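Novice: Take this structure, written in structure tokens, and hold onto it; I'll ask about it next.
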Amino acid sequence: MSKSKKLKVFNDPIYGFITIPDSLTFELIAHPHFQRLRRISQMGLSYLVYPGAHHTRFHHALGGMHLMQQAVQVLRFKGIDITQEEEQALYCAILLHDIGHGPFSHAMEHSLVDGMNHEYISAQFMHSLNEIFNGSLTLAIEIFRGQCNKPFLNQLVSSQLDMDRLDYLKRDSFYTGVAEGNINAERLITMLNVCEGALVVEEKGIYSVEKFLMARRFMYWQVYLHKTGIVAEQLLIRILRRSKELLDKQVPLECSASLRFFLENRINKNNFGKESLEIFSKLDDVDILSGVKTWVDHSDFILSSLCKMVINRKLLKIKVKNRPIQEEKVQKHIGRIIRTYRLKDHEIQYFVFTGTIDNTAYDRYHQNINILRKNGTLVDAAKASDHLNLEALSKKVTKYYICYPKVSV
């Protein structure tokens with residue numbers, strides 16, 4: 001593989017210049033599997049709410065690598081042993097942690113493949129790339145999967161306070177213009193340390209942790225789980241569901257070859273092999289948008305109507321409640337649809353449906369954030385904080401929604 005002698009620097013609107021540390025990471029970034037991330041939206045259909053949210057997984061992966069470089073520098077300064085091999089593996093792991101995302105990121109998580117999340121597909125990509133790069137990613141894969149003998153290495157990639165979260169909160173806040181979500185990632189990284197092999201935050205960083213958790217809560221409810229974004233993603237899911245249904249009935253449907261493969265075949269862990277991975281690697285936002293634009297004029301009323309809603313941003317109405325939606329309200333909207341359109345029972349669910357959204361801003365019971373006190377003892381961030389809300393942030397909050405047509409489909 002030829003090695004470029006060009007200056008390995010990217011200009012990032014968040015951090016300024018991002019330096020590519022070595023030839024392996026440069027070659028990884030140059031690989032078509034990684035370049036595909038330029039065509040995967042970081043925030044799905046959130047641009048229908050926040051017009052600036054058009055940044056990609058490519059941006060985010062580079063940002064995560066940049067923060068990882070800072071973290072390695074800080075921890076080494078504090079005497080933590082990180083070998084050159086581990087350092088390179090950390091950069092590769094954070095670069096590739098999201099490579100398994102499908103079109104529009106989380107919006108399409110389970111619509112194209114069954115029973116496989118993006119982490120599983122990311123691992124398949126990493127194994128494939130490991131063969132291409134002659135085993136150079138073996139340690140990166142171990143770190144990604146939490147199988148290394150230094151737990152803090154995995155926690156830098158995947159935990160309650162990892163480089164992934166630090167970058168996407170700061171980046172998504174910037175591109176949406178939601179200033180409340182902005183965090184001081186550099187300050188948090190400066191406060192990191194390792195105790196008993198695990199990642200911890202020094203006591204003087206507790207207020208930065210508080211700000212981080214509050215910003216995360218705000219971004220989830222105000223941005224990631226915004227009701228308009230929810231209904232737009234649900235429409236996209238139903239567009240894919242309807243297209244599969246039509247293809248099963250041999251109804252003609254124009255789309256790209258890679259998209260057609262996943263619409264016509266039920267792909268799951270049992271049959272997701274090298275061929276499926278290669279076809280998945282050719283799938284991105286362009287395939288979905290092209291299909292949706294084409295299907296606006298399709299003869300099928302349901303598919304055409306759903307596509308028009310997304311393309312023209314004439315979405316279904318959505319109401320979000322703190323309690324489950326009453327069945328009588330659901331039936332009321334179903335009755336209105338039945339009176340207006342000749343739809344079969346299973347077709348009504350494309351236009352009237354309910355669902356739930358939930359979020360835990362601080363999942364301390366899965367993997368908490370430990371604060372390292374000056375006397376060397378560890379304490380959970382929620383207990384160390386004098387901010388009363390941190391205990392509340394540990395509880396899962398569930399909300400309920402109903403979607404239905406405003407006047408006519």
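Letters A, B, ... mark the chains of the structure tokens in the order given; residue numbers begin at 1 per chain; ligand numbers begin at 1, in order shown.
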Do you know which residues are at most 6 Å from segment 233-244 of chain A counting only C-alpha atoms, after dropping those on the same chain fewer than 3 positions away, and could you put them as number ranges by chain?
Specialist: A: 107, 230, 247, 263
Novice: Name all residues at most 9 Å from Val9 of chain A (count only C-alpha atoms; drop same-chain ones fewer than 3 positions away) and give them as a PyMOL selection string.
Specialist: chain A and resi 6+17-20
Novice: Which residue, A:Asp386, A:Leu96, A:Gln147, A:Leu112, has the smallest gap to His127 of chain A when you use only C-alpha atoms?
Specialist: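 Among the listed residues, the smallest separation from His127 of chain A belongs to A:Leu96.
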Novice: For the structure I just gave you, how does DSSP split segment 196-312 of chain A - specifically, which residues are strand (DSSP E or B)? Reply as a list in words.
Specialist: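 Here is the list: Ala198, Leu199, Val200, Val201 and Glu202 of chain A.
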Novice: Can you tell me, as an mmCIF file with N, CA, C and O atoms, in the first residue's frame, what residues are no more than 9 Å from Leu75 of chain A when counting only C-alpha atoms, ignoring any on the same chain fewer than 4 positions away?
Specialist:
data_model
loop_
_atom_site.group_PDB
_atom_site.id
_atom_site.type_symbol
_atom_site.label_atom_id
_atom_site.label_comp_id
_atom_site.auth_asym_id
_atom_site.auth_seq_id
_atom_site.Cartn_x
_atom_site.Cartn_y
_atom_site.Cartn_z
ATOM 1 N N GLN A 70 -5.427 14.062 22.847
ATOM 2 C CA GLN A 70 -5.290 14.895 24.044
ATOM 3 C C GLN A 70 -5.318 14.040 25.303
ATOM 4 O O GLN A 70 -4.542 14.259 26.241
ATOM 5 N N ALA A 71 -6.232 13.050 25.330
ATOM 6 C CA ALA A 71 -6.363 12.192 26.509
ATOM 7 C C ALA A 71 -5.092 11.390 26.752
ATOM 8 O O ALA A 71 -4.629 11.262 27.895
ATOM 9 N N GLY A 79 1.747 9.987 34.445
ATOM 10 C CA GLY A 79 2.478 8.767 34.765
ATOM 11 C C GLY A 79 1.765 7.479 34.417
ATOM 12 O O GLY A 79 2.210 6.392 34.822
ATOM 13 N N ILE A 80 0.666 7.562 33.677
ATOM 14 C CA ILE A 80 -0.057 6.352 33.283
ATOM 15 C C ILE A 80 0.661 5.701 32.099
ATOM 16 O O ILE A 80 0.988 6.368 31.122
ATOM 17 N N ASP A 81 0.877 4.392 32.205
ATOM 18 C CA ASP A 81 1.621 3.670 31.170
ATOM 19 C C ASP A 81 0.711 3.364 29.974
ATOM 20 O O ASP A 81 -0.237 2.586 30.087
ATOM 21 N N ILE A 82 1.000 3.994 28.865
ATOM 22 C CA ILE A 82 0.327 3.711 27.600
ATOM 23 C C ILE A 82 1.414 3.503 26.552
ATOM 24 O O ILE A 82 2.159 4.427 26.223
ATOM 25 N N ILE A 189 -11.000 16.431 29.879
ATOM 26 C CA ILE A 189 -9.870 15.552 29.566
ATOM 27 C C ILE A 189 -8.688 15.839 30.494
ATOM 28 O O ILE A 189 -7.997 14.928 30.958
ATOM 29 N N THR A 190 -8.472 17.105 30.786
ATOM 30 C CA THR A 190 -7.378 17.490 31.683
ATOM 31 C C THR A 190 -7.568 16.894 33.077
ATOM 32 O O THR A 190 -6.598 16.631 33.790
ATOM 33 N N LEU A 192 -8.908 13.934 33.731
ATOM 34 C CA LEU A 192 -8.934 12.467 33.715
ATOM 35 C C LEU A 192 -7.701 11.886 34.405
ATOM 36 O O LEU A 192 -6.617 12.468 34.390
ATOM 37 N N ASN A 193 -7.904 10.701 34.996
ATOM 38 C CA ASN A 193 -6.796 9.967 35.592
ATOM 39 C C ASN A 193 -7.175 8.487 35.589
ATOM 40 O O ASN A 193 -8.267 8.131 35.152
ATOM 41 N N VAL A 194 -6.281 7.651 36.057
ATOM 42 C CA VAL A 194 -6.546 6.219 36.141
ATOM 43 C C VAL A 194 -6.284 5.755 37.565
ATOM 44 O O VAL A 194 -5.260 6.083 38.158
#
Novice: Which value, in Å to one decimal, gives the distance between atom CA of Ile337 of chain A and atom CA of Phe351 of chain A?
Specialist: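 Separation of atom CA of Ile337 of chain A and atom CA of Phe351 of chain A: 8.2 Å.
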